[in-house]
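**Student:** This structure is in structure tokens; I'll ask about it shortly.
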Amino acid sequence: MSEFDFDAVVVGAGAVGLACGYALSQRGLVVAVLEEQGRIGEGVSSRNSEVIHGGLYYPTGSLKAKLCVQGRRALYAFCDAHKVPYKKCGKLVVATSEDEIARLDTIWDQALANDVEGMERLTGAQARALEPGLNAHAALLSPESGVFASHDYMLALQGEIEAAGGAVVLSTPFEGAEPLAGGGFRVRAGGAEPTDLTCRLLVTAPGLSSQAVAGRIEGYPAEQVPKAHFGKGIYFRLSGKAPFQRLIYPPPIHGALGTHYRNDMGGQAVFGPDLEYVSAPDYSVDPAKAEAFAAYIRKFWPDLPADRLVPDYAGVRPKLHGPGEPQPDFQLRGVEDHGLAGLMALFGIESPGLTSSLAIGETVAERLCGAS
């Protein structure tokens, strides 16, 4: 392992950080993943929809388009190999009125440009035949979309890292790093037993704290750290039998995919998330929002019974854009951006980051190992 304590250190043990550690460990590197919380996946990765996205929406040639499709294909194979539960239930993107059909046409064209397999165009009658009770004037069917047990997935990634001789170190916040004269980094790890450790490669993938972590790396140019925005989304659970088997999505809203329906791994119906920009992470759920949720849901499920939505949970997405601004791509920042050889800094890894995680990890490992 040469003169370094580890070949690589990854900051953040969410899905993306663990996937980066996994990809590096698969190349024979000994990896340490540092996580400030007491368990893996306690941040963004624990508060999402657990949806495996097909890759329909993202701009042609973007990292989101490429890595979502590649990551989704790899994710199903990984789940099969590691016995991670999933349901490839498919997704219906639904036009709930005639004036939304043109938006489906745009999504259809984008899905084909993104090489999404198996897409089908459905009439309203065909969509209702699949999911009785659905209000649909037309729909797109994405059969490759699904849901999965994301925490089981992260445990499998952790197991692979440890089997390769690496370590996932919990309750260990990243306090800072400095480049070493001969290459590599000295990393300051906090917690109950603070320590310094050295590594040849450093990856930062801490989700909501990506900007703060970059600011603690000596020599990282401040002008290369994008502004952070926090996009809060809340979820409501349905009390009663789930009405649909497939994912149900209306056309996307500005800056997000909109409030959608899923039948989760436990067979319960969950609706969300909405989008509200907040000044700091906030995981409260306002029960009074049930009325607005119900009005939105009845656009595609008119028969939603009254008073059946139960406040569930909230997530906060690490966005790089504010209200009304164009939605940017993932940012995977290497030496050509910040000038620090051996460092990959990730910013704005929101949806479809979970689906894309294995492909993000591969891309990070290819860029680092190809240059090292």
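For the structure tokens, the naming scheme is as follows: chains receive sequential letters (A, B, ...) according to their order of presentation, residues are indexed from 1 within each chain, and ligands are indexed from 1 in presentation order.
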Could you give me, as JSON, numbers by chain, each residue of region 227-370 of chain A that DSSP assigns to strand (DSSP E or B) when run on this structure's backbone?

**Tutor:** {"A": [229, 230, 231, 232, 233, 234, 235, 236, 237, 238, 247, 248, 249, 253, 256, 260, 261, 262, 263, 269, 270, 271, 272, 276, 277, 278, 309, 310, 311, 312, 313, 314, 315, 316, 317, 318, 319, 331, 332, 333, 343, 344, 345, 346, 347]}

**Student:** Skipping near chain neighbours, those fewer than 3 positions away, what residues fall within 8 Å of Val116 (chain A) using only C-alpha atoms, listed as JSON, numbers by chain?

**Tutor:** {"A": [54, 55, 56, 69, 111, 112, 113, 119]}

**Student:** For the contact check between region 257-322 of chain A and region 120-142 of chain A, emit one row per residue of region 257-322 of chain A within 9 Å, containing the shortest atom pair and the distance in Å rounded to one decimal, counting only C-alpha atoms, chain then rising number order, as CSV.

**Tutor:**
residue,atom,partner,partner_atom,distance
A:Arg298,CA,A:Asn135,CA,8.5
A:Lys299,CA,A:Asn135,CA,6.9
A:Phe300,CA,A:Asn135,CA,4.7
A:Trp301,CA,A:Leu134,CA,5.3
A:Pro302,CA,A:Asn135,CA,6.9
A:Asp303,CA,A:Gly133,CA,7.1

**Student:** Identify, on the basis of only C-alpha atoms, every residue whose closest approach to Arg186 (chain A) does not exceed 12 Å; exclude the query and any residue fewer than 2 positions from it along the same chain; express the result as a ChimeraX atom specification.

**Tutor:** /A:3-9,174-184,188-189,195-202,217-218

**Student:** As a JSON list (two decimals) with N, CA and C atoms, in the first residue's frame, please: every residue in region 57-165 of chain A that a backbone DSSP assignment puts in helix (DSSP H, G or I).

**Tutor:**
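Done, and the output landed in part-v4.json:
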[["chain", "number", "residue", "atom", "x", "y", "z"],
["A", 63, "LEU", "N", -24.41, 14.48, -18.01],
["A", 63, "LEU", "CA", -24.02, 13.40, -17.11],
["A", 63, "LEU", "C", -25.25, 12.71, -16.54],
["A", 64, "LYS", "N", -26.29, 13.48, -16.23],
["A", 64, "LYS", "CA", -27.50, 12.87, -15.67],
["A", 64, "LYS", "C", -28.10, 11.86, -16.65],
["A", 65, "ALA", "N", -28.16, 12.20, -17.93],
["A", 65, "ALA", "CA", -28.72, 11.28, -18.92],
["A", 65, "ALA", "C", -27.87, 10.03, -19.05],
["A", 66, "LYS", "N", -26.57, 10.23, -19.20],
["A", 66, "LYS", "CA", -25.66, 9.10, -19.42],
["A", 66, "LYS", "C", -25.56, 8.21, -18.19],
["A", 67, "LEU", "N", -25.35, 8.82, -17.02],
["A", 67, "LEU", "CA", -25.09, 8.04, -15.82],
["A", 67, "LEU", "C", -26.35, 7.42, -15.25],
["A", 68, "CYS", "N", -27.51, 8.04, -15.49],
["A", 68, "CYS", "CA", -28.76, 7.42, -15.04],
["A", 68, "CYS", "C", -29.01, 6.12, -15.78],
["A", 69, "VAL", "N", -28.88, 6.13, -17.10],
["A", 69, "VAL", "CA", -29.14, 4.91, -17.88],
["A", 69, "VAL", "C", -28.09, 3.84, -17.57],
["A", 70, "GLN", "N", -26.82, 4.23, -17.55],
["A", 70, "GLN", "CA", -25.77, 3.27, -17.23],
["A", 70, "GLN", "C", -25.93, 2.75, -15.80],
["A", 71, "GLY", "N", -26.21, 3.67, -14.88],
["A", 71, "GLY", "CA", -26.34, 3.28, -13.48],
["A", 71, "GLY", "C", -27.53, 2.38, -13.24],
["A", 72, "ARG", "N", -28.63, 2.66, -13.92],
["A", 72, "ARG", "CA", -29.83, 1.82, -13.75],
["A", 72, "ARG", "C", -29.57, 0.39, -14.22],
["A", 73, "ARG", "N", -28.91, 0.24, -15.37],
["A", 73, "ARG", "CA", -28.60, -1.10, -15.86],
["A", 73, "ARG", "C", -27.68, -1.83, -14.88],
["A", 74, "ALA", "N", -26.67, -1.12, -14.38],
["A", 74, "ALA", "CA", -25.73, -1.73, -13.44],
["A", 74, "ALA", "C", -26.41, -2.05, -12.11],
["A", 75, "LEU", "N", -27.35, -1.21, -11.72],
["A", 75, "LEU", "CA", -28.00, -1.37, -10.42],
["A", 75, "LEU", "C", -28.83, -2.64, -10.36],
["A", 76, "TYR", "N", -29.61, -2.91, -11.41],
["A", 76, "TYR", "CA", -30.39, -4.15, -11.41],
["A", 76, "TYR", "C", -29.46, -5.37, -11.34],
["A", 77, "ALA", "N", -28.36, -5.34, -12.09],
["A", 77, "ALA", "CA", -27.42, -6.46, -12.06],
["A", 77, "ALA", "C", -26.79, -6.61, -10.68],
["A", 78, "PHE", "N", -26.44, -5.48, -10.04],
["A", 78, "PHE", "CA", -25.86, -5.52, -8.70],
["A", 78, "PHE", "C", -26.87, -6.08, -7.71],
["A", 79, "CYS", "N", -28.12, -5.63, -7.80],
["A", 79, "CYS", "CA", -29.15, -6.13, -6.89],
["A", 79, "CYS", "C", -29.35, -7.63, -7.06],
["A", 80, "ASP", "N", -29.35, -8.11, -8.29],
["A", 80, "ASP", "CA", -29.47, -9.55, -8.52],
["A", 80, "ASP", "C", -28.31, -10.30, -7.90],
["A", 81, "ALA", "N", -27.09, -9.79, -8.10],
["A", 81, "ALA", "CA", -25.90, -10.49, -7.61],
["A", 81, "ALA", "C", -25.81, -10.49, -6.09],
["A", 82, "HIS", "N", -26.36, -9.45, -5.46],
["A", 82, "HIS", "CA", -26.24, -9.30, -4.00],
["A", 82, "HIS", "C", -27.55, -9.53, -3.26],
["A", 98, "GLU", "N", -55.75, 17.20, -21.78],
["A", 98, "GLU", "CA", -55.33, 17.23, -23.19],
["A", 98, "GLU", "C", -54.12, 18.14, -23.40],
["A", 99, "ASP", "N", -54.06, 19.24, -22.63],
["A", 99, "ASP", "CA", -52.97, 20.19, -22.86],
["A", 99, "ASP", "C", -51.62, 19.71, -22.32],
["A", 100, "GLU", "N", -51.61, 18.56, -21.64],
["A", 100, "GLU", "CA", -50.33, 17.99, -21.19],
["A", 100, "GLU", "C", -49.75, 16.97, -22.16],
["A", 101, "ILE", "N", -50.50, 16.62, -23.20],
["A", 101, "ILE", "CA", -50.04, 15.58, -24.12],
["A", 101, "ILE", "C", -48.78, 16.03, -24.87],
["A", 102, "ALA", "N", -48.70, 17.30, -25.21],
["A", 102, "ALA", "CA", -47.51, 17.80, -25.90],
["A", 102, "ALA", "C", -46.26, 17.64, -25.03],
["A", 103, "ARG", "N", -46.41, 17.75, -23.72],
["A", 103, "ARG", "CA", -45.27, 17.55, -22.82],
["A", 103, "ARG", "C", -44.83, 16.10, -22.82],
["A", 104, "LEU", "N", -45.78, 15.17, -22.98],
["A", 104, "LEU", "CA", -45.40, 13.76, -23.12],
["A", 104, "LEU", "C", -44.59, 13.54, -24.40],
["A", 105, "ASP", "N", -44.96, 14.25, -25.46],
["A", 105, "ASP", "CA", -44.21, 14.12, -26.72],
["A", 105, "ASP", "C", -42.75, 14.52, -26.51],
["A", 106, "THR", "N", -42.54, 15.58, -25.76],
["A", 106, "THR", "CA", -41.17, 16.04, -25.49],
["A", 106, "THR", "C", -40.41, 15.01, -24.68],
["A", 107, "ILE", "N", -41.05, 14.44, -23.66],
["A", 107, "ILE", "CA", -40.40, 13.42, -22.83],
["A", 107, "ILE", "C", -40.10, 12.18, -23.66],
["A", 108, "TRP", "N", -41.01, 11.80, -24.54],
["A", 108, "TRP", "CA", -40.79, 10.63, -25.41],
["A", 108, "TRP", "C", -39.54, 10.83, -26.27],
["A", 109, "ASP", "N", -39.44, 11.98, -26.89],
["A", 109, "ASP", "CA", -38.27, 12.26, -27.73],
["A", 109, "ASP", "C", -36.99, 12.22, -26.90],
["A", 110, "GLN", "N", -37.03, 12.78, -25.69],
["A", 110, "GLN", "CA", -35.84, 12.78, -24.85],
["A", 110, "GLN", "C", -35.46, 11.37, -24.40],
["A", 111, "ALA", "N", -36.45, 10.56, -24.07],
["A", 111, "ALA", "CA", -36.17, 9.19, -23.65],
["A", 111, "ALA", "C", -35.50, 8.40, -24.78],
["A", 112, "LEU", "N", -35.96, 8.59, -26.01],
["A", 112, "LEU", "CA", -35.33, 7.89, -27.13],
["A", 112, "LEU", "C", -33.91, 8.40, -27.35],
["A", 113, "ALA", "N", -33.71, 9.71, -27.22],
["A", 113, "ALA", "CA", -32.36, 10.27, -27.37],
["A", 113, "ALA", "C", -31.42, 9.74, -26.29],
["A", 124, "GLY", "N", -55.12, 6.95, -23.43],
["A", 124, "GLY", "CA", -55.72, 6.99, -22.10],
["A", 124, "GLY", "C", -56.38, 5.67, -21.73],
["A", 125, "ALA", "N", -57.07, 5.07, -22.69],
["A", 125, "ALA", "CA", -57.76, 3.80, -22.43],
["A", 125, "ALA", "C", -56.76, 2.70, -22.10],
["A", 126, "GLN", "N", -55.64, 2.67, -22.82],
["A", 126, "GLN", "CA", -54.62, 1.65, -22.55],
["A", 126, "GLN", "C", -54.01, 1.84, -21.16],
["A", 127, "ALA", "N", -53.77, 3.09, -20.77],
["A", 127, "ALA", "CA", -53.22, 3.35, -19.44],
["A", 127, "ALA", "C", -54.21, 2.94, -18.36],
["A", 128, "ARG", "N", -55.49, 3.24, -18.57],
["A", 128, "ARG", "CA", -56.50, 2.88, -17.57],
["A", 128, "ARG", "C", -56.71, 1.38, -17.50],
["A", 129, "ALA", "N", -56.46, 0.68, -18.61],
["A", 129, "ALA", "CA", -56.55, -0.78, -18.58],
["A", 129, "ALA", "C", -55.45, -1.37, -17.70],
["A", 130, "LEU", "N", -54.29, -0.73, -17.70],
["A", 130, "LEU", "CA", -53.20, -1.19, -16.84],
["A", 130, "LEU", "C", -53.45, -0.82, -15.38],
["A", 150, "SER", "N", -33.05, 0.53, -0.77],
["A", 150, "SER", "CA", -31.80, 1.27, -0.92],
["A", 150, "SER", "C", -30.84, 1.02, 0.24],
["A", 151, "HIS", "N", -31.35, 0.81, 1.44],
["A", 151, "HIS", "CA", -30.41, 0.58, 2.55],
["A", 151, "HIS", "C", -29.73, -0.78, 2.41],
["A", 152, "ASP", "N", -30.47, -1.79, 1.94],
["A", 152, "ASP", "CA", -29.84, -3.09, 1.67],
["A", 152, "ASP", "C", -28.74, -2.94, 0.61],
["A", 153, "TYR", "N", -29.01, -2.10, -0.38],
["A", 153, "TYR", "CA", -28.01, -1.82, -1.42],
["A", 153, "TYR", "C", -26.76, -1.21, -0.81],
["A", 154, "MET", "N", -26.92, -0.23, 0.07],
["A", 154, "MET", "CA", -25.76, 0.41, 0.68],
["A", 154, "MET", "C", -25.00, -0.56, 1.58],
["A", 155, "LEU", "N", -25.72, -1.43, 2.28],
["A", 155, "LEU", "CA", -25.04, -2.44, 3.09],
["A", 155, "LEU", "C", -24.22, -3.38, 2.21],
["A", 156, "ALA", "N", -24.73, -3.71, 1.03],
["A", 156, "ALA", "CA", -23.97, -4.57, 0.12],
["A", 156, "ALA", "C", -22.71, -3.87, -0.38],
["A", 157, "LEU", "N", -22.81, -2.58, -0.68],
["A", 157, "LEU", "CA", -21.63, -1.81, -1.08],
["A", 157, "LEU", "C", -20.60, -1.79, 0.05],
["A", 158, "GLN", "N", -21.07, -1.54, 1.27],
["A", 158, "GLN", "CA", -20.16, -1.54, 2.41],
["A", 158, "GLN", "C", -19.47, -2.90, 2.54],
["A", 159, "GLY", "N", -20.22, -3.97, 2.39],
["A", 159, "GLY", "CA", -19.65, -5.30, 2.48],
["A", 159, "GLY", "C", -18.57, -5.55, 1.44],
["A", 160, "GLU", "N", -18.78, -5.05, 0.24],
["A", 160, "GLU", "CA", -17.78, -5.22, -0.83],
["A", 160, "GLU", "C", -16.50, -4.44, -0.51],
["A", 161, "ILE", "N", -16.66, -3.22, -0.01],
["A", 161, "ILE", "CA", -15.49, -2.41, 0.35],
["A", 161, "ILE", "C", -14.68, -3.10, 1.43],
["A", 162, "GLU", "N", -15.36, -3.61, 2.44],
["A", 162, "GLU", "CA", -14.67, -4.26, 3.55],
["A", 162, "GLU", "C", -14.06, -5.59, 3.12],
["A", 163, "ALA", "N", -14.74, -6.31, 2.23],
["A", 163, "ALA", "CA", -14.18, -7.57, 1.74],
["A", 163, "ALA", "C", -12.90, -7.35, 0.95]]

**Student:** Can you work out the spacing between CA of Thr355 (chain A) and CA of Val10 (chain A) in Å, to one decimal?

**Tutor:**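 Between CA of Thr355 (chain A) and CA of Val10 (chain A) the gap is 19.3 Å.
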
**Student:** Would you write out, as JSON lines, a table of all residues in region 138-195 of chain A that have an atom no more than 9 Å from an atom of region 243-251 of chain A, listing for each the closest atom pair and the distance in Å to one decimal, considering only C-alpha atoms and ordering rows by chain and rising residue number?

**Tutor:**
{"residue": "A:Ser145", "atom": "CA", "partner": "A:Leu247", "partner_atom": "CA", "distance": 8.0}
{"residue": "A:Gly146", "atom": "CA", "partner": "A:Leu247", "partner_atom": "CA", "distance": 7.4}
{"residue": "A:Val147", "atom": "CA", "partner": "A:Leu247", "partner_atom": "CA", "distance": 8.6}

**Student:** Between CA of Pro318 (chain A) and CA of Leu208 (chain A), what is the distance in Å, rounded to a tenth?

**Tutor:** 5.1 Å

**Student:** Rank nothing, just name the residue among A:Arg308, A:His338, A:His229, A:Lys289 nearest to Pro323 (chain A), using only C-alpha atoms.

**Tutor:**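 Of A:Arg308, A:His338, A:His229, A:Lys289, the one nearest Pro323 (chain A), counting only C-alpha atoms, is A:His229.
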